[in-house]
$ cat structure35.txt   # compact mmCIF, C-alpha atoms
# COMPACT_ATOMS: atom_id res chain seq x y z
CA MET Y 1 1.45 2.32 15.92
CA LEU Y 2 -0.45 4.12 13.22
CA LEU Y 3 -3.38 1.78 12.59
CA ARG Y 4 -3.73 -0.26 15.78
CA ASN Y 5 -7.04 0.41 17.55
CA ASN Y 6 -8.04 2.52 14.57
CA TYR Y 7 -8.03 0.18 11.56
CA TYR Y 8 -7.69 -3.02 13.56
CA LYS Y 9 -7.36 -4.34 17.08
CA VAL Y 10 -5.49 -7.37 18.36
CA TYR Y 11 -7.50 -10.06 20.15
CA SER Y 12 -4.54 -12.34 20.83
CA ALA Y 13 -0.85 -12.52 20.01
CA HIS Y 14 1.60 -15.40 20.34
CA TYR Y 15 5.18 -15.05 19.21
CA GLY Y 16 8.52 -16.78 19.47
CA ALA Y 17 11.90 -16.45 17.77
CA GLU Y 18 10.81 -17.63 14.33
CA ASP Y 19 7.01 -17.50 14.20
CA ALA Y 20 4.14 -15.34 15.35
CA LEU Y 21 0.36 -15.54 15.18
CA PHE Y 22 -1.90 -12.54 15.68
CA HIS Y 23 -5.67 -12.81 15.78
CA VAL Y 24 -7.05 -9.41 14.78
CA ALA Y 25 -10.41 -7.74 14.23
CA LEU Y 26 -10.98 -5.18 11.49
CA LEU Y 27 -12.74 -2.10 12.84
CA PRO Y 28 -15.65 -1.10 10.58
CA GLY Y 29 -15.79 2.43 12.00
CA CYS Y 30 -12.29 3.30 10.76
CA ASP Y 31 -12.18 6.62 8.93
CA VAL Y 32 -10.40 5.05 5.95
CA TYR Y 33 -13.67 3.52 4.70
CA ARG Y 34 -15.13 6.98 4.09
CA GLY Y 35 -12.74 7.14 1.16
CA HIS Y 36 -12.11 3.52 0.22
CA PHE Y 37 -14.71 3.59 -1.18
CA PRO Y 38 -17.69 5.85 -0.44
CA GLY Y 39 -20.63 3.57 0.39
CA ARG Y 40 -18.58 0.46 -0.41
CA PRO Y 41 -16.00 -0.31 2.29
CA VAL Y 42 -13.03 -2.36 1.06
CA CYS Y 43 -9.76 -2.82 2.96
CA PRO Y 44 -6.92 -1.00 1.21
CA GLY Y 45 -4.18 -3.54 0.55
CA ALA Y 46 -1.69 -0.95 1.79
CA CYS Y 47 -3.44 -0.89 5.19
CA ASN Y 48 -3.00 -4.66 5.50
CA ILE Y 49 0.73 -4.24 4.78
CA GLU Y 50 0.93 -1.55 7.49
CA MET Y 51 -1.03 -3.74 9.94
CA MET Y 52 1.44 -6.57 9.25
CA LYS Y 53 4.40 -4.23 9.84
CA GLU Y 54 3.00 -3.10 13.18
CA CYS Y 55 2.50 -6.70 14.31
CA VAL Y 56 6.08 -7.53 13.21
CA GLU Y 57 7.31 -4.61 15.35
CA GLU Y 58 5.48 -6.01 18.36
CA ALA Y 59 6.82 -9.53 17.72
CA VAL Y 60 10.47 -8.45 17.35
CA GLY Y 61 10.25 -5.67 19.95
CA LYS Y 62 11.73 -3.00 17.68
CA CYS Y 63 10.78 -0.56 14.95
CA VAL Y 64 11.36 -2.09 11.51
CA SER Y 65 11.58 -0.99 7.90
CA ILE Y 66 10.26 -2.88 4.89
CA VAL Y 67 13.29 -2.63 2.61
CA PHE Y 68 12.25 -5.11 -0.09
CA ILE Y 69 9.08 -6.91 -1.10
CA LYS Y 70 9.82 -9.89 -3.29
CA GLN Y 71 6.10 -10.49 -3.78
CA CYS Y 72 2.92 -9.47 -1.99
CA ARG Y 73 -0.29 -10.88 -3.45
CA PHE Y 74 -3.78 -9.73 -2.53
CA THR Y 75 -5.72 -12.84 -3.38
CA SER Y 76 -9.22 -11.81 -2.24
CA LEU Y 77 -10.94 -8.52 -1.47
CA ALA Y 78 -11.15 -8.00 2.29
CA SER Y 79 -13.59 -5.82 4.21
CA PRO Y 80 -14.87 -5.66 7.79
CA ASP Y 81 -18.14 -7.17 6.53
CA VAL Y 82 -16.55 -10.05 4.64
CA CYS Y 83 -13.83 -10.94 7.16
CA PRO Y 84 -14.39 -9.21 10.52
CA GLU Y 85 -11.67 -11.32 12.17
CA LEU Y 86 -8.42 -12.49 10.64
CA ASP Y 87 -5.34 -14.52 11.48
CA LEU Y 88 -1.98 -12.97 10.63
CA ARG Y 89 0.78 -15.59 10.54
CA LEU Y 90 4.40 -14.44 10.46
CA HIS Y 91 7.57 -16.44 9.89
CA PHE Y 92 11.03 -14.93 10.31
CA GLN Y 93 14.30 -16.16 8.86
CA VAL Y 94 17.49 -14.33 9.81
CA LEU Y 95 19.46 -13.11 6.78
CA GLY Y 96 22.14 -11.15 8.59
CA GLU Y 97 22.69 -8.66 11.37
CA GLY Y 98 19.37 -6.87 11.89
CA ARG Y 99 17.92 -8.14 8.62
CA PHE Y 100 15.45 -10.96 8.13
CA LEU Y 101 13.19 -12.56 5.57
CA LEU Y 102 9.53 -12.27 6.48
CA THR Y 103 6.84 -14.57 5.15
CA ALA Y 104 3.30 -13.62 6.15
CA THR Y 105 -0.24 -14.66 5.39
CA LEU Y 106 -3.49 -12.94 6.31
CA SER Y 107 -6.46 -15.28 6.29
CA ASP Y 108 -9.62 -16.41 8.02
CA ALA Y 109 -10.97 -19.95 8.26
CA GLY Y 110 -11.43 -20.44 4.57
CA ILE Y 111 -9.86 -17.65 2.56
CA THR Y 112 -6.40 -16.12 2.22
CA TYR Y 113 -6.44 -12.36 1.66
CA MET Y 114 -2.73 -11.51 1.55
CA GLU Y 115 0.50 -13.43 1.02
CA PHE Y 116 3.71 -11.51 1.66
CA LYS Y 117 7.38 -12.32 1.19
CA GLY Y 118 9.96 -9.64 1.76
CA GLU Y 119 12.94 -8.35 3.68
CA ILE Y 120 12.73 -6.40 6.90
CA GLU Y 121 15.41 -4.42 8.72
CA LYS Y 122 15.38 -3.70 12.43
CA MET S 123 1.17 20.81 -15.96
CA MET S 124 -2.29 19.32 -16.49
CA LYS S 125 -5.34 20.92 -14.92
CA VAL S 126 -7.56 17.99 -14.04
CA ASP S 127 -9.26 17.58 -10.68
CA ILE S 128 -7.71 14.45 -9.16
CA GLN S 129 -11.11 13.39 -7.82
CA ALA S 130 -12.28 13.06 -11.42
CA LEU S 131 -9.48 10.54 -12.04
CA ILE S 132 -9.49 8.26 -8.97
CA PRO S 133 -12.34 6.72 -6.97
CA GLN S 134 -10.63 7.17 -3.58
CA ARG S 135 -11.79 10.02 -1.35
CA GLU S 136 -10.46 11.60 1.83
CA PRO S 137 -8.85 10.54 4.07
CA ILE S 138 -7.05 8.24 1.66
CA ILE S 139 -6.34 10.35 -1.39
CA MET S 140 -2.66 9.63 -2.02
CA VAL S 141 -1.99 11.56 -5.22
CA ASP S 142 -2.36 15.31 -5.75
CA ARG S 143 -1.84 15.71 -9.45
CA LEU S 144 -1.44 13.91 -12.72
CA ASP S 145 1.36 16.08 -14.13
CA LYS S 146 2.08 14.47 -17.47
CA VAL S 147 0.64 11.79 -19.72
CA GLU S 148 2.19 10.21 -22.77
CA HIS S 149 1.11 7.02 -24.48
CA ALA S 150 2.08 4.44 -21.84
CA TYR S 151 3.81 6.79 -19.42
CA ALA S 152 2.64 9.25 -16.80
CA GLU S 153 4.01 11.40 -14.01
CA THR S 154 2.24 12.29 -10.77
CA SER S 155 3.01 14.17 -7.60
CA LEU S 156 2.03 14.18 -3.94
CA GLU S 157 2.92 16.60 -1.17
CA ILE S 158 3.28 14.71 2.12
CA ARG S 159 1.14 16.65 4.57
CA PRO S 160 1.19 16.06 8.33
CA ASP S 161 -2.40 14.79 8.32
CA ASN S 162 -1.72 12.17 5.63
CA PHE S 163 -3.30 8.85 6.67
CA PHE S 164 0.04 7.00 6.34
CA VAL S 165 2.31 9.48 8.10
CA ALA S 166 3.82 7.99 11.27
CA PRO S 167 4.16 9.96 14.52
CA ASP S 168 7.81 10.67 13.63
CA GLY S 169 6.69 12.52 10.48
CA ARG S 170 7.77 9.93 7.93
CA LEU S 171 5.53 8.40 5.30
CA GLU S 172 5.27 4.66 5.92
CA GLU S 173 6.24 2.18 3.16
CA ALA S 174 2.54 1.26 2.87
CA GLY S 175 1.79 4.91 2.04
CA ILE S 176 4.38 4.87 -0.75
CA ILE S 177 2.77 1.72 -2.17
CA GLU S 178 -0.71 3.28 -2.00
CA HIS S 179 0.64 6.42 -3.68
CA ILE S 180 2.11 4.41 -6.58
CA ALA S 181 -1.13 2.42 -6.94
CA GLN S 182 -3.25 5.58 -7.02
CA SER S 183 -0.82 7.16 -9.48
CA ALA S 184 -1.46 4.24 -11.83
CA LEU S 185 -5.21 4.56 -11.23
CA ALA S 186 -5.13 8.28 -12.03
CA PHE S 187 -3.44 7.37 -15.31
CA ALA S 188 -6.16 4.80 -16.05
CA GLY S 189 -8.78 7.34 -15.00
CA TYR S 190 -7.39 9.86 -17.46
CA TRP S 191 -7.79 7.49 -20.39
CA ALA S 192 -11.26 6.44 -19.17
CA LEU S 193 -12.28 10.10 -19.05
CA GLN S 194 -10.89 10.65 -22.56
CA ALA S 195 -12.97 7.68 -23.71
CA GLY S 196 -16.14 9.26 -22.33
CA ALA S 197 -16.49 7.60 -18.91
CA SER S 198 -18.46 9.65 -16.39
CA GLU S 199 -16.73 8.21 -13.33
CA PRO S 200 -13.18 7.04 -12.69
CA PRO S 201 -12.65 3.26 -12.75
CA VAL S 202 -12.31 1.44 -9.43
CA GLY S 203 -9.05 -0.46 -9.09
CA TYR S 204 -7.40 -2.70 -6.55
CA ILE S 205 -3.80 -3.73 -5.97
CA GLY S 206 -3.49 -7.35 -7.02
CA GLU S 207 0.23 -7.78 -6.48
CA VAL S 208 3.29 -5.82 -5.43
CA LYS S 209 6.54 -7.27 -6.76
CA LYS S 210 10.21 -6.28 -6.52
CA PHE S 211 9.41 -3.30 -4.30
CA HIS S 212 12.58 -1.56 -3.14
CA CYS S 213 12.24 1.11 -0.48
CA TYR S 214 15.34 3.29 -0.26
CA ARG S 215 13.99 5.62 2.41
CA CYS S 216 10.73 6.77 3.98
CA PRO S 217 10.21 10.41 2.98
CA GLN S 218 9.47 13.18 5.43
CA THR S 219 6.42 15.38 5.86
CA GLY S 220 6.75 18.41 3.60
CA GLU S 221 8.50 16.54 0.79
CA ILE S 222 6.89 16.44 -2.63
CA LEU S 223 6.96 12.99 -4.19
CA HIS S 224 7.31 12.64 -7.95
CA THR S 225 6.31 9.33 -9.47
CA ARG S 226 6.87 7.93 -12.93
CA ILE S 227 4.38 5.30 -14.05
CA THR S 228 5.02 3.06 -17.04
CA ILE S 229 2.39 0.63 -18.28
CA GLU S 230 4.21 -2.59 -19.10
CA ALA S 231 1.27 -4.80 -20.08
CA GLU S 232 -2.52 -4.94 -20.01
CA ALA S 233 -4.71 -8.04 -20.27
CA GLU S 234 -8.16 -9.06 -19.09
CA GLY S 235 -8.60 -6.23 -16.64
CA ILE S 236 -5.12 -6.58 -15.12
CA THR S 237 -2.61 -3.80 -15.70
CA LEU S 238 1.08 -4.40 -15.02
CA VAL S 239 2.81 -1.15 -14.13
CA ARG S 240 6.25 -0.04 -13.08
CA GLY S 241 6.41 2.82 -10.61
CA GLU S 242 9.45 4.87 -9.60
CA THR S 243 9.14 7.46 -6.86
CA SER S 244 11.60 10.15 -5.86
CA GLY S 245 11.59 13.19 -3.63
CA ASN S 246 14.08 16.03 -3.14
CA GLY S 247 15.94 14.65 -6.15
CA THR S 248 16.73 11.30 -4.57
CA PRO S 249 15.09 7.89 -5.01
CA VAL S 250 12.38 6.84 -2.56
CA ALA S 251 11.11 3.54 -3.97
CA ASP S 252 10.49 1.54 -7.10
CA THR S 253 8.25 -1.43 -7.78
CA GLN S 254 6.23 -3.50 -10.16
CA MET S 255 2.55 -3.71 -9.46
CA LYS S 256 -0.46 -5.57 -10.86
CA ILE S 257 -3.66 -3.60 -10.59
CA SER S 258 -7.14 -4.96 -11.26
CA ILE S 259 -9.20 -2.32 -12.98
$ encode --input "structure35.txt" --output "structure tokens"
Amino acid sequence: MLLRNNYYKVYSAHYGAEDALFHVALLPGCDVYRGHFPGRPVCPGACNIEMMKECVEEAVGKCVSIVFIKQCRFTSLASPDVCPELDLRLHFQVLGEGRFLLTATLSDAGITYMEFKGEIEK
Amino acid sequence: MMKVDIQALIPQREPIIMVDRLDKVEHAYAETSLEIRPDNFFVAPDGRLEEAGIIEHIAQSALAFAGYWALQAGASEPPVGYIGEVKKFHCYRCPQTGEILHTRITIEAEAEGITLVRGETSGNGTPVADTQMKISI
């Protein structure tokens, strides 16, 4: 895990065969905000993709690769100030041996920050 | 090869600078490069650059391109940009520490502060990833 307990930490995690829900906190002291951007911390969209991947790995119990992203939209700017805690919802659909379609949303009570649809390989 | 300090072209600073050089610029086309160093923010413990790191590299490559034109137009600071959308991203492999990534950026459309780019990244002569991306600048 590259970003866990550095960029984010997990408060709670619930997962089954097809769905998972992670409640996470963004860590404002993460080094990444020195550079993104100086004096104006904004979550890099790429970090939210990596956070999602790490939570998928926990939910499926294996290392995974993101082989295809059909669409990943960043619909609002996220930061530890704006959204200190977030819900990451994952839905898995098996496509074939070791390959599945992942739909994910990252949101808090009122705002969605990321919507992801892509293919993952175990 | 162009001699422009990358920090003059992108607003990101360490530890998340994900492009080393803007190597070539033509009208709507640019080439960039990045050496994957062990201390790169997106390098996993096994020494591979994560997919998210490839995406950030392509986004910053497009921003460096935008920063170049902004500088040419007299801007004193590089424009800030955010990834709005990643679409049709194919990752063929996660490259290893020590590889030098080469990325080709083509501007496909620009409207109302949104730039649609195509990025193609390779390393060691083989494809790494390609994608479309919308960037808000």
$ closest_residue --input "structure35.txt" --among "Y:Ile69, Y:Leu3, Y:Leu21, Y:Cys55" --to "chain S" --atoms "only C-alpha atoms"
Y:Ile69
$ atom_distance --input "structure35.txt" --atom1 "CA of Ala78 in chain Y" --atom2 "CA of Pro133 in chain S"
17.4 Å
$ interface_residues --input "structure35.txt" --of "chain S" --to "chain Y" --cutoff "8 Å" --atoms "only C-alpha atoms" --output "compact mmCIF listing (two decimals) with C-alpha atoms, in the frame of the given file"
# COMPACT_ATOMS: atom_id res chain seq x y z
CA PRO S 133 -12.34 6.72 -6.97
CA GLN S 134 -10.63 7.17 -3.58
CA ARG S 135 -11.79 10.02 -1.35
CA GLU S 136 -10.46 11.60 1.83
CA PRO S 137 -8.85 10.54 4.07
CA ILE S 138 -7.05 8.24 1.66
CA ILE S 139 -6.34 10.35 -1.39
CA PHE S 164 0.04 7.00 6.34
CA VAL S 165 2.31 9.48 8.10
CA ALA S 166 3.82 7.99 11.27
CA PRO S 167 4.16 9.96 14.52
CA GLU S 172 5.27 4.66 5.92
CA GLU S 173 6.24 2.18 3.16
CA ALA S 174 2.54 1.26 2.87
CA GLY S 175 1.79 4.91 2.04
CA ILE S 177 2.77 1.72 -2.17
CA GLU S 178 -0.71 3.28 -2.00
CA TYR S 204 -7.40 -2.70 -6.55
CA ILE S 205 -3.80 -3.73 -5.97
CA GLY S 206 -3.49 -7.35 -7.02
CA GLU S 207 0.23 -7.78 -6.48
CA VAL S 208 3.29 -5.82 -5.43
CA LYS S 209 6.54 -7.27 -6.76
CA LYS S 210 10.21 -6.28 -6.52
CA PHE S 211 9.41 -3.30 -4.30
CA HIS S 212 12.58 -1.56 -3.14
CA CYS S 213 12.24 1.11 -0.48
CA TYR S 214 15.34 3.29 -0.26
$ residues_near_point --input "structure35.txt" --point "(15.1, -8.1, 8.1)" --cutoff "7 Å" --atoms "all atoms listed in the file" --output "PyMOL selection string"
chain Y and resi 94-95+98-101+119-122
$ atom_distance --input "structure35.txt" --atom1 "CA of Val24 in chain Y" --atom2 "CA of Gly39 in chain Y"
23.7 Å
$ closest_residue --input "structure35.txt" --among "Y:Ile111, Y:Leu90, Y:Ala25, Y:Cys83" --to "Glu58 in chain Y" --atoms "all atoms listed in the file"
Y:Leu90
$ residues_around --input "structure35.txt" --residues "range 12-18 of chain Y" --least-positions-apart "4" --cutoff "8 Å" --atoms "only C-alpha atoms" --output "list in words"
Phe22, His23, Val24, Ala59, His91, Phe92 and Gln93 of chain Y
$ closest_residue --input "structure35.txt" --among "Y:Ser107, Y:Tyr8, Y:Pro41, Y:Leu102" --to "Val64 in chain Y" --atoms "all atoms listed in the file"
Y:Leu102
$ residues_around --input "structure35.txt" --residues "Tyr7 in chain Y" --least-positions-apart "5" --cutoff "7 Å" --atoms "all atoms listed in the file" --output "MDAnalysis selection string"
chainID Y and resid 26:27 30
$ write_last_selection --input "structure35.txt" --atoms "C-alpha atoms" --output "mmCIF file, keeping the file's coordinate frame"
data_model
loop_
_atom_site.group_PDB
_atom_site.id
_atom_site.type_symbol
_atom_site.label_atom_id
_atom_site.label_comp_id
_atom_site.auth_asym_id
_atom_site.auth_seq_id
_atom_site.Cartn_x
_atom_site.Cartn_y
_atom_site.Cartn_z
ATOM 1 C CA LEU Y 26 -10.980 -5.180 11.490
ATOM 2 C CA LEU Y 27 -12.740 -2.100 12.840
ATOM 3 C CA CYS Y 30 -12.290 3.300 10.760
#
$ closest_residue --input "structure35.txt" --among "Y:Glu54, Y:Asp19, Y:Asp87, Y:Glu97" --to "Tyr113 in chain Y" --atoms "all atoms listed in the file"
Y:Asp87
$ atom_distance --input "structure35.txt" --atom1 "CA of Gly61 in chain Y" --atom2 "CA of Lys9 in chain Y"
17.9 Å
$ closest_residue --input "structure35.txt" --among "Y:Leu86, Y:Val10, Y:Val60, Y:Ala20" --to "Ala104 in chain Y" --atoms "all atoms listed in the file"
Y:Ala20
$ decode --input "structure35.txt" --residues "range 9-96 of chain Y" --atoms "C-alpha atoms" --output "PDB file, in the first residue's frame"
ATOM      1  CA  LYS Y   9      -6.585   6.270   6.376  1.00  0.00           C
ATOM      2  CA  VAL Y  10      -9.506   3.866   6.537  1.00  0.00           C
ATOM      3  CA  TYR Y  11     -12.059   4.381   9.314  1.00  0.00           C
ATOM      4  CA  SER Y  12     -14.267   1.458   8.317  1.00  0.00           C
ATOM      5  CA  ALA Y  13     -14.498  -1.114   5.553  1.00  0.00           C
ATOM      6  CA  HIS Y  14     -17.337  -3.448   4.598  1.00  0.00           C
ATOM      7  CA  TYR Y  15     -17.068  -5.735   1.614  1.00  0.00           C
ATOM      8  CA  GLY Y  16     -18.757  -8.704   0.024  1.00  0.00           C
ATOM      9  CA  ALA Y  17     -18.551 -10.497  -3.315  1.00  0.00           C
ATOM     10  CA  GLU Y  18     -19.991  -7.694  -5.443  1.00  0.00           C
ATOM     11  CA  ASP Y  19     -19.875  -4.501  -3.386  1.00  0.00           C
ATOM     12  CA  ALA Y  20     -17.653  -2.690  -0.936  1.00  0.00           C
ATOM     13  CA  LEU Y  21     -17.871   0.499   1.090  1.00  0.00           C
ATOM     14  CA  PHE Y  22     -14.847   2.209   2.605  1.00  0.00           C
ATOM     15  CA  HIS Y  23     -15.124   5.233   4.861  1.00  0.00           C
ATOM     16  CA  VAL Y  24     -11.818   7.091   4.624  1.00  0.00           C
ATOM     17  CA  ALA Y  25     -10.197  10.238   5.987  1.00  0.00           C
ATOM     18  CA  LEU Y  26      -7.858  12.388   3.914  1.00  0.00           C
ATOM     19  CA  LEU Y  27      -4.686  13.198   5.840  1.00  0.00           C
ATOM     20  CA  PRO Y  28      -3.874  16.921   5.582  1.00  0.00           C
ATOM     21  CA  GLY Y  29      -0.240  16.386   6.617  1.00  0.00           C
ATOM     22  CA  CYS Y  30       0.538  14.256   3.554  1.00  0.00           C
ATOM     23  CA  ASP Y  31       3.710  15.358   1.791  1.00  0.00           C
ATOM     24  CA  VAL Y  32       1.929  15.521  -1.569  1.00  0.00           C
ATOM     25  CA  TYR Y  33       0.296  18.843  -0.636  1.00  0.00           C
ATOM     26  CA  ARG Y  34       3.702  20.556  -0.515  1.00  0.00           C
ATOM     27  CA  GLY Y  35       3.642  20.259  -4.285  1.00  0.00           C
ATOM     28  CA  HIS Y  36      -0.034  20.112  -5.200  1.00  0.00           C
ATOM     29  CA  PHE Y  37      -0.076  23.048  -4.869  1.00  0.00           C
ATOM     30  CA  PRO Y  38       2.221  25.177  -2.696  1.00  0.00           C
ATOM     31  CA  GLY Y  39       0.001  27.019  -0.203  1.00  0.00           C
ATOM     32  CA  ARG Y  40      -3.152  25.650  -1.838  1.00  0.00           C
ATOM     33  CA  PRO Y  41      -3.711  21.952  -1.052  1.00  0.00           C
ATOM     34  CA  VAL Y  42      -5.833  20.124  -3.635  1.00  0.00           C
ATOM     35  CA  CYS Y  43      -6.138  16.336  -3.909  1.00  0.00           C
ATOM     36  CA  PRO Y  44      -4.445  15.083  -7.070  1.00  0.00           C
ATOM     37  CA  GLY Y  45      -7.022  13.087  -9.027  1.00  0.00           C
ATOM     38  CA  ALA Y  46      -4.340  10.463  -9.586  1.00  0.00           C
ATOM     39  CA  CYS Y  47      -4.032   9.963  -5.809  1.00  0.00           C
ATOM     40  CA  ASN Y  48      -7.759   9.256  -5.583  1.00  0.00           C
ATOM     41  CA  ILE Y  49      -7.391   6.625  -8.318  1.00  0.00           C
ATOM     42  CA  GLU Y  50      -4.500   5.039  -6.378  1.00  0.00           C
ATOM     43  CA  MET Y  51      -6.502   5.154  -3.118  1.00  0.00           C
ATOM     44  CA  MET Y  52      -9.369   3.391  -4.924  1.00  0.00           C
ATOM     45  CA  LYS Y  53      -6.988   0.732  -6.272  1.00  0.00           C
ATOM     46  CA  GLU Y  54      -5.605   0.030  -2.798  1.00  0.00           C
ATOM     47  CA  CYS Y  55      -9.113  -0.364  -1.372  1.00  0.00           C
ATOM     48  CA  VAL Y  56     -10.011  -2.713  -4.261  1.00  0.00           C
ATOM     49  CA  GLU Y  57      -6.942  -4.812  -3.386  1.00  0.00           C
ATOM     50  CA  GLU Y  58      -8.114  -5.083   0.204  1.00  0.00           C
ATOM     51  CA  ALA Y  59     -11.664  -5.980  -0.870  1.00  0.00           C
ATOM     52  CA  VAL Y  60     -10.604  -8.716  -3.318  1.00  0.00           C
ATOM     53  CA  GLY Y  61      -7.641  -9.886  -1.239  1.00  0.00           C
ATOM     54  CA  LYS Y  62      -5.139  -9.697  -4.098  1.00  0.00           C
ATOM     55  CA  CYS Y  63      -2.916  -7.242  -5.940  1.00  0.00           C
ATOM     56  CA  VAL Y  64      -4.705  -5.839  -8.996  1.00  0.00           C
ATOM     57  CA  SER Y  65      -3.873  -3.919 -12.151  1.00  0.00           C
ATOM     58  CA  ILE Y  66      -5.988  -1.209 -13.749  1.00  0.00           C
ATOM     59  CA  VAL Y  67      -5.904  -2.392 -17.357  1.00  0.00           C
ATOM     60  CA  PHE Y  68      -8.585  -0.118 -18.825  1.00  0.00           C
ATOM     61  CA  ILE Y  69     -10.468   2.985 -17.741  1.00  0.00           C
ATOM     62  CA  LYS Y  70     -13.601   3.485 -19.773  1.00  0.00           C
ATOM     63  CA  GLN Y  71     -14.250   6.790 -18.017  1.00  0.00           C
ATOM     64  CA  CYS Y  72     -13.102   8.432 -14.804  1.00  0.00           C
ATOM     65  CA  ARG Y  73     -14.629  11.834 -14.085  1.00  0.00           C
ATOM     66  CA  PHE Y  74     -13.431  14.229 -11.407  1.00  0.00           C
ATOM     67  CA  THR Y  75     -16.601  16.169 -10.812  1.00  0.00           C
ATOM     68  CA  SER Y  76     -15.493  18.441  -7.938  1.00  0.00           C
ATOM     69  CA  LEU Y  77     -12.163  19.567  -6.520  1.00  0.00           C
ATOM     70  CA  ALA Y  78     -11.360  17.623  -3.361  1.00  0.00           C
ATOM     71  CA  SER Y  79      -9.046  18.634  -0.522  1.00  0.00           C
ATOM     72  CA  PRO Y  80      -8.629  17.659   3.134  1.00  0.00           C
ATOM     73  CA  ASP Y  81     -10.235  20.995   4.055  1.00  0.00           C
ATOM     74  CA  VAL Y  82     -13.249  20.628   1.771  1.00  0.00           C
ATOM     75  CA  CYS Y  83     -13.937  16.919   2.338  1.00  0.00           C
ATOM     76  CA  PRO Y  84     -11.958  15.552   5.303  1.00  0.00           C
ATOM     77  CA  GLU Y  85     -13.932  12.284   5.233  1.00  0.00           C
ATOM     78  CA  LEU Y  86     -15.200  10.434   2.193  1.00  0.00           C
ATOM     79  CA  ASP Y  87     -17.154   7.324   1.251  1.00  0.00           C
ATOM     80  CA  LEU Y  88     -15.661   5.129  -1.457  1.00  0.00           C
ATOM     81  CA  ARG Y  89     -18.269   2.790  -2.949  1.00  0.00           C
ATOM     82  CA  LEU Y  90     -17.115  -0.086  -5.147  1.00  0.00           C
ATOM     83  CA  HIS Y  91     -19.144  -2.456  -7.298  1.00  0.00           C
ATOM     84  CA  PHE Y  92     -17.598  -5.474  -9.017  1.00  0.00           C
ATOM     85  CA  GLN Y  93     -18.918  -7.393 -11.999  1.00  0.00           C
ATOM     86  CA  VAL Y  94     -17.015 -10.467 -13.148  1.00  0.00           C
ATOM     87  CA  LEU Y  95     -16.024 -10.303 -16.831  1.00  0.00           C
ATOM     88  CA  GLY Y  96     -13.920 -13.448 -16.997  1.00  0.00           C
TER      89      GLY Y  96
END
